[in-house]
file entry37.csv (CSV, C-alpha atoms)
chain,number,residue,atom,x,y,z
A,134,MET,CA,15.7,-9.1,-16.7
A,135,LYS,CA,13.5,-8.8,-13.7
A,136,GLU,CA,11.3,-11.8,-12.8
A,137,THR,CA,8.7,-12.1,-10.1
A,138,LEU,CA,6.8,-15.0,-8.7
A,139,THR,CA,4.2,-14.9,-5.9
A,140,LEU,CA,2.7,-17.8,-4.0
A,141,SER,CA,0.0,-17.7,-1.5
A,142,PHE,CA,-0.5,-20.8,0.7
A,143,ALA,CA,-2.1,-22.1,3.9
A,144,ALA,CA,0.2,-22.5,6.9
A,145,LYS,CA,0.4,-26.3,6.7
A,146,LYS,CA,3.6,-28.1,7.3
A,147,GLU,CA,3.3,-30.1,4.1
A,148,ASN,CA,3.3,-26.8,2.1
A,149,VAL,CA,6.9,-26.3,3.1
A,150,ARG,CA,7.7,-29.1,0.5
A,151,ILE,CA,5.8,-27.1,-2.1
A,152,VAL,CA,7.8,-24.0,-1.3
A,153,ARG,CA,11.0,-26.0,-1.6
A,154,ALA,CA,10.0,-27.3,-5.0
A,155,VAL,CA,9.1,-23.8,-6.2
A,156,ILE,CA,12.4,-22.1,-5.1
A,157,ARG,CA,14.5,-25.0,-6.4
A,158,ASN,CA,12.9,-24.8,-9.9
A,159,PHE,CA,12.9,-21.0,-9.8
A,160,LEU,CA,16.7,-21.1,-9.3
A,161,ILE,CA,17.4,-24.0,-11.7
A,162,LEU,CA,15.7,-21.9,-14.5
A,163,ARG,CA,18.2,-19.1,-13.7
A,164,GLY,CA,21.3,-21.3,-13.9
A,165,VAL,CA,22.1,-21.2,-10.2
A,166,LEU,CA,24.7,-23.8,-9.1
A,167,GLU,CA,23.4,-26.9,-7.2
A,168,GLN,CA,25.2,-26.0,-3.9
A,169,ASP,CA,23.6,-22.6,-3.9
A,170,ILE,CA,20.2,-24.0,-4.7
A,171,PHE,CA,20.4,-26.5,-1.8
A,172,ASP,CA,21.5,-23.7,0.6
A,173,THR,CA,18.7,-21.3,-0.5
A,174,GLU,CA,16.1,-24.1,-0.4
A,175,LEU,CA,17.2,-25.0,3.1
A,176,ALA,CA,17.2,-21.4,4.4
A,177,LEU,CA,13.8,-20.7,2.9
A,178,ASP,CA,12.4,-23.9,4.3
A,179,GLU,CA,13.6,-22.7,7.8
A,180,ALA,CA,12.0,-19.3,7.4
A,181,VAL,CA,8.6,-20.7,6.2
A,182,ALA,CA,8.6,-23.4,8.9
A,183,ASN,CA,9.3,-20.7,11.5
A,184,VAL,CA,6.2,-18.8,10.5
A,185,ILE,CA,4.0,-21.9,10.5
A,186,GLU,CA,5.3,-23.2,13.8
A,187,HIS,CA,6.0,-20.1,15.8
A,188,THR,CA,4.0,-17.2,14.4
A,189,TYR,CA,0.9,-19.2,13.4
A,190,LYS,CA,1.3,-22.0,15.9
A,191,CYS,CA,0.4,-24.5,13.1
A,192,ASP,CA,-3.1,-23.0,12.5
A,193,PRO,CA,-3.9,-24.1,8.9
A,194,SER,CA,-6.6,-21.5,8.5
A,195,LYS,CA,-3.8,-18.8,8.3
A,196,TYR,CA,-2.1,-17.8,5.1
A,197,ILE,CA,1.4,-16.9,4.0
A,198,VAL,CA,2.4,-15.0,0.9
A,199,LEU,CA,5.8,-15.6,-0.6
A,200,THR,CA,7.2,-13.4,-3.3
A,201,LEU,CA,10.4,-14.1,-5.2
A,202,ASN,CA,12.1,-11.3,-7.1
A,203,TRP,CA,15.1,-11.9,-9.3
A,204,GLU,CA,17.2,-9.4,-11.1
A,205,ASP,CA,20.8,-9.6,-12.3
A,206,GLY,CA,21.8,-12.6,-10.1
A,207,ILE,CA,20.2,-11.2,-7.0
A,208,LEU,CA,17.2,-13.0,-5.3
A,209,ASP,CA,15.0,-11.0,-3.0
A,210,VAL,CA,12.4,-13.0,-1.0
A,211,LEU,CA,9.5,-11.4,0.8
A,212,LEU,CA,7.7,-13.6,3.3
A,213,ARG,CA,4.4,-12.1,4.5
A,214,ASP,CA,2.4,-13.3,7.4
A,215,PHE,CA,-0.6,-11.9,9.2
A,216,GLY,CA,0.1,-13.2,12.7
A,217,GLU,CA,1.3,-11.6,15.9
A,218,LYS,CA,4.1,-9.1,15.5
A,219,VAL,CA,7.6,-10.6,15.8
A,220,ASP,CA,10.2,-8.8,17.9
A,221,PRO,CA,13.3,-9.1,15.7
A,222,ALA,CA,15.5,-8.5,18.8
A,223,SER,CA,14.1,-11.6,20.4
A,224,ILE,CA,15.0,-13.8,17.4
A,225,LYS,CA,18.6,-14.8,17.9
A,226,PRO,CA,20.5,-17.9,16.7
A,227,ARG,CA,21.7,-20.2,19.4
A,228,ALA,CA,25.4,-20.7,20.0
A,229,LEU,CA,26.6,-23.8,18.2
A,230,ASP,CA,28.3,-25.3,21.2
A,231,GLU,CA,24.9,-25.5,23.0
A,232,VAL,CA,23.8,-29.0,22.0
A,233,ARG,CA,20.1,-28.8,22.1
A,234,GLU,CA,17.1,-29.5,19.8
A,235,GLY,CA,15.9,-26.0,18.7
A,236,GLY,CA,17.3,-22.7,17.5
A,237,LEU,CA,19.3,-23.8,14.5
A,238,GLY,CA,16.8,-22.5,11.9
A,239,VAL,CA,17.6,-18.8,12.5
A,240,TYR,CA,21.3,-19.6,12.5
A,241,ILE,CA,20.9,-21.3,9.1
A,242,ILE,CA,18.8,-18.4,7.6
A,243,LYS,CA,21.4,-15.8,8.8
A,244,LYS,CA,24.3,-17.9,7.6
A,245,ILE,CA,22.9,-18.4,4.1
A,246,PHE,CA,21.1,-15.2,3.2
A,247,ASP,CA,23.2,-11.9,2.8
A,248,VAL,CA,20.3,-9.8,4.2
A,249,VAL,CA,17.7,-10.9,6.8
A,250,GLU,CA,15.5,-8.1,7.9
A,251,TRP,CA,11.9,-7.5,9.1
A,252,VAL,CA,10.3,-4.6,7.2
A,253,GLU,CA,8.9,-2.3,9.8
A,254,LYS,CA,6.3,-0.5,7.7
A,255,VAL,CA,3.6,-3.3,7.7
A,256,GLU,CA,0.8,-2.5,10.2
A,257,ARG,CA,-0.5,-6.0,10.7
A,258,GLY,CA,1.6,-9.2,10.7
A,259,ASN,CA,5.2,-9.4,9.6
A,260,LEU,CA,7.2,-9.0,6.4
A,261,LEU,CA,10.5,-10.7,6.3
A,262,HIS,CA,13.0,-9.6,3.6
A,263,LEU,CA,15.7,-12.0,2.6
A,264,ARG,CA,18.4,-11.3,-0.1
A,265,LYS,CA,21.1,-13.5,-1.6
A,266,SER,CA,23.5,-12.8,-4.5
A,267,PHE,CA,24.6,-15.6,-6.8
A,268,ASN,CA,27.5,-16.2,-9.1
A,269,ILE,CA,25.9,-17.5,-12.3
A,270,PRO,CA,28.3,-19.5,-14.5
A,271,ARG,CA,28.5,-18.1,-18.0
A,272,LYS,CA,27.0,-20.4,-20.7
A,273,GLU,CA,29.7,-21.5,-23.2
B,1389,MET,CA,9.5,-43.7,7.2
B,1390,PHE,CA,12.5,-46.0,8.1
B,1391,ARG,CA,13.6,-49.6,8.2
B,1392,SER,CA,15.9,-51.0,10.8
B,1393,TYR,CA,18.0,-54.0,11.6
B,1394,ASP,CA,19.9,-55.3,14.6
B,1395,LYS,CA,23.6,-56.1,14.3
B,1396,GLU,CA,25.1,-57.6,17.5
B,1397,GLY,CA,23.1,-55.4,19.8
B,1398,ILE,CA,23.4,-52.2,17.8
B,1399,VAL,CA,20.3,-50.9,16.0
B,1400,VAL,CA,20.8,-49.5,12.5
B,1401,ILE,CA,18.0,-47.1,11.5
B,1402,VAL,CA,17.7,-46.4,7.8
B,1403,PRO,CA,15.4,-43.5,7.0
B,1404,GLU,CA,14.5,-42.8,3.4
B,1405,GLY,CA,13.5,-39.7,1.4
B,1406,GLU,CA,13.2,-36.3,3.1
B,1407,LEU,CA,13.5,-35.6,6.8
B,1408,ASP,CA,11.9,-32.2,7.5
B,1409,VAL,CA,9.3,-30.4,9.5
B,1410,THR,CA,6.6,-32.7,8.2
B,1411,ASN,CA,8.0,-35.9,9.6
B,1412,SER,CA,11.0,-35.3,11.9
B,1413,SER,CA,9.0,-35.3,15.1
B,1414,GLN,CA,7.4,-38.6,14.2
B,1415,PHE,CA,10.9,-40.0,13.3
B,1416,LYS,CA,12.3,-39.0,16.7
B,1417,GLU,CA,9.3,-40.3,18.7
B,1418,LYS,CA,9.4,-43.7,16.9
B,1419,VAL,CA,13.2,-44.1,17.4
B,1420,LEU,CA,13.0,-43.1,21.1
B,1421,SER,CA,10.0,-45.3,22.0
B,1422,GLU,CA,11.0,-48.4,19.9
B,1423,TYR,CA,14.7,-48.5,20.6
B,1424,VAL,CA,16.5,-45.8,22.7
B,1425,GLU,CA,14.0,-46.0,25.6
B,1426,ALA,CA,13.3,-49.7,25.1
B,1427,GLY,CA,16.7,-51.0,26.1
B,1428,LYS,CA,18.5,-50.6,22.8
B,1429,PRO,CA,20.3,-47.3,23.2
B,1430,ASN,CA,23.2,-48.0,20.7
B,1431,ILE,CA,22.1,-46.6,17.4
B,1432,VAL,CA,23.6,-46.1,13.9
B,1433,ILE,CA,21.5,-43.8,11.7
B,1434,ASP,CA,22.3,-44.7,8.1
B,1435,MET,CA,21.5,-41.6,6.1
B,1436,SER,CA,22.4,-43.1,2.7
B,1437,TYR,CA,18.9,-42.8,1.4
B,1438,VAL,CA,18.1,-39.3,2.8
B,1439,GLY,CA,18.5,-36.6,0.1
B,1440,TYR,CA,17.3,-33.7,2.1
B,1441,MET,CA,16.9,-32.7,5.7
B,1442,ASP,CA,16.4,-29.4,7.6
B,1443,SER,CA,17.0,-28.2,11.1
B,1444,SER,CA,13.9,-30.0,12.5
B,1445,ALA,CA,15.6,-33.3,11.5
B,1446,LEU,CA,18.9,-32.1,13.1
B,1447,GLY,CA,16.9,-31.4,16.2
B,1448,ALA,CA,15.5,-34.9,16.1
B,1449,ILE,CA,18.9,-36.4,15.8
B,1450,ILE,CA,20.3,-34.3,18.6
B,1451,SER,CA,17.4,-35.5,20.8
B,1452,ILE,CA,18.0,-39.1,19.9
B,1453,PHE,CA,21.8,-38.6,20.6
B,1454,LYS,CA,21.1,-37.1,24.1
B,1455,HIS,CA,18.6,-39.7,25.1
B,1456,ALA,CA,20.9,-42.5,23.9
B,1457,LYS,CA,23.7,-41.1,26.1
B,1458,MET,CA,21.3,-40.7,29.1
B,1459,ASN,CA,20.4,-44.4,28.6
B,1460,GLY,CA,24.0,-45.5,28.6
B,1461,GLY,CA,24.4,-45.8,24.8
B,1462,GLY,CA,25.5,-43.8,21.8
B,1463,VAL,CA,24.6,-42.6,18.3
B,1464,ALA,CA,26.7,-42.6,15.2
B,1465,ILE,CA,25.7,-41.2,11.8
B,1466,ALA,CA,26.7,-43.0,8.5
B,1467,GLY,CA,26.4,-42.5,4.8
B,1468,LEU,CA,25.7,-38.8,4.5
B,1469,VAL,CA,25.1,-37.6,1.0
B,1470,ASP,CA,26.9,-34.4,0.1
B,1471,PRO,CA,24.3,-31.7,0.5
B,1472,VAL,CA,23.1,-33.3,3.8
B,1473,ARG,CA,26.7,-33.5,5.0
B,1474,ARG,CA,27.0,-29.8,4.4
B,1475,LEU,CA,24.2,-29.2,6.9
B,1476,PHE,CA,26.1,-31.1,9.6
B,1477,SER,CA,29.2,-29.0,9.0
B,1478,LEU,CA,27.3,-25.7,8.7
B,1479,THR,CA,25.8,-26.3,12.1
B,1480,ALA,CA,29.0,-27.9,13.6
B,1481,LEU,CA,27.0,-31.0,14.5
B,1482,ASP,CA,29.8,-33.0,12.8
B,1483,LYS,CA,31.9,-32.1,15.8
B,1484,VAL,CA,29.4,-33.5,18.3
B,1485,ILE,CA,28.1,-36.7,16.8
B,1486,PRO,CA,30.5,-39.2,15.2
B,1487,ILE,CA,30.1,-39.5,11.4
B,1488,TYR,CA,31.3,-42.4,9.3
B,1489,SER,CA,31.2,-43.0,5.6
B,1490,ASN,CA,29.0,-46.1,5.8
B,1491,ALA,CA,27.0,-48.2,8.3
B,1492,GLU,CA,29.6,-51.0,8.3
B,1493,GLU,CA,32.3,-48.6,9.4
B,1494,ALA,CA,30.1,-47.1,12.1
B,1495,LEU,CA,29.2,-50.5,13.4
B,1496,GLU,CA,32.8,-51.5,13.6
B,1497,LYS,CA,33.7,-48.4,15.6
B,1498,MET,CA,30.7,-48.8,17.9
B,1499,LYS,CA,31.5,-52.4,18.9

call {"tool": "encode", "arguments": {"input": "entry37.csv", "output": "structure tokens"}}
result
Amino acid sequence: MKETLTLSFAAKKENVRIVRAVIRNFLILRGVLEQDIFDTELALDEAVANVIEHTYKCDPSKYIVLTLNWEDGILDVLLRDFGEKVDPASIKPRALDEVREGGLGVYIIKKIFDVVEWVEKVERGNLLHLRKSFNIPRKE
Amino acid sequence: MFRSYDKEGIVVIVPEGELDVTNSSQFKEKVLSEYVEAGKPNIVIDMSYVGYMDSSALGAIISIFKHAKMNGGGVAIAGLVDPVRRLFSLTALDKVIPIYSNAEEALEKMK
């Protein structure tokens, strides 16, 4: 059965915690395993934090729209912002042997989600599409 | 945000709750200014009470680790709970910063 949830929120850092609570409960209700919930919560945290810090430069007057779509064990996330266009080619994870503070967020997002792509058809802002498939244990 | 205690010249930092984009930067600045850059560069970060952290917290720990080394000290991590431990292995940080099962073990190794 297809399920959809949409959340619109201001680009404030504390709202990352609300997003985490939403994705966690969204996945708990669908019987996803704890390890997968942690991973997805983490990767979505990183994606939303990137928009707040880099695209919106922590401007709390800006808005983000998050849509979660679920069907047959597949989660599709759409993360919409209305900031400056991101150049996907410039967003690269850093090498893990470079020990420095930043750059791990993109690495984590790409490691955890099966699909990470910026949808090109939006005129203004950015639309990030993330997809992850889950193995849902059968109920006895 | 965290409590701390001194054990024979080594400072044990005990953060609690969640370390993420809302508080990691504050955590880093406080540890650097109060200890690492105030003559106490040997640090154990006891993570037993941290149930969640993200890459901003990893960045804070990397920064504390680098500053500690620059100041002639070192950093060890102790007491990682399972999901948080996974973040260290996922990003290979467990190969850079020494990790021990608890603060006592970390203190023993750092002496």

call {"tool": "interface_residues", "arguments": {"input": "entry37.csv", "of": "chain B", "to": "chain A", "cutoff": "10 Å", "atoms": "all atoms listed in the file", "output": "PyMOL selection string"}}
result
chain B and resi 1406+1408-1411+1440-1454+1470-1472+1474-1475+1478-1481+1483-1484

call {"tool": "closest_residue", "arguments": {"input": "entry37.csv", "among": "B:Ser1489, B:Lys1416, B:Ala1464, B:His1455", "to": "Val1432 in chain B", "atoms": "only C-alpha atoms"}}
result
B:Ala1464

call {"tool": "residues_around", "arguments": {"input": "entry37.csv", "residues": "Tyr189 in chain A", "least_positions_apart": "3", "cutoff": "12 Å", "atoms": "all atoms listed in the file", "output": "NGL selection string"}}
result
:A and (143-146 or 181-186 or 192-197 or 213-219 or 258-259)

call {"tool": "residues_near_point", "arguments": {"input": "entry37.csv", "point": "(21.2, -20.8, -5.2)", "cutoff": "10 Å", "atoms": "all atoms listed in the file", "output": "VMD selection string"}}
result
chain A and resid 156 to 157 159 to 161 163 to 174 206 to 208 245 265 to 269

call {"tool": "closest_residue", "arguments": {"input": "entry37.csv", "among": "A:Arg264, A:Lys272, A:Lys190, A:Lys225", "to": "Leu177 in chain A", "atoms": "only C-alpha atoms"}}
result
A:Arg264

call {"tool": "atom_distance", "arguments": {"input": "entry37.csv", "atom1": "CA of Trp203 in chain A", "atom2": "CA of Ala180 in chain A"}}
result
18.5 Å

call {"tool": "atom_distance", "arguments": {"input": "entry37.csv", "atom1": "CA of Ser1421 in chain B", "atom2": "CA of Ala1456 in chain B"}}
result
11.4 Å

call {"tool": "atom_distance", "arguments": {"input": "entry37.csv", "atom1": "CA of Glu1404 in chain B", "atom2": "CA of Ser1392 in chain B"}}
result
11.1 Å
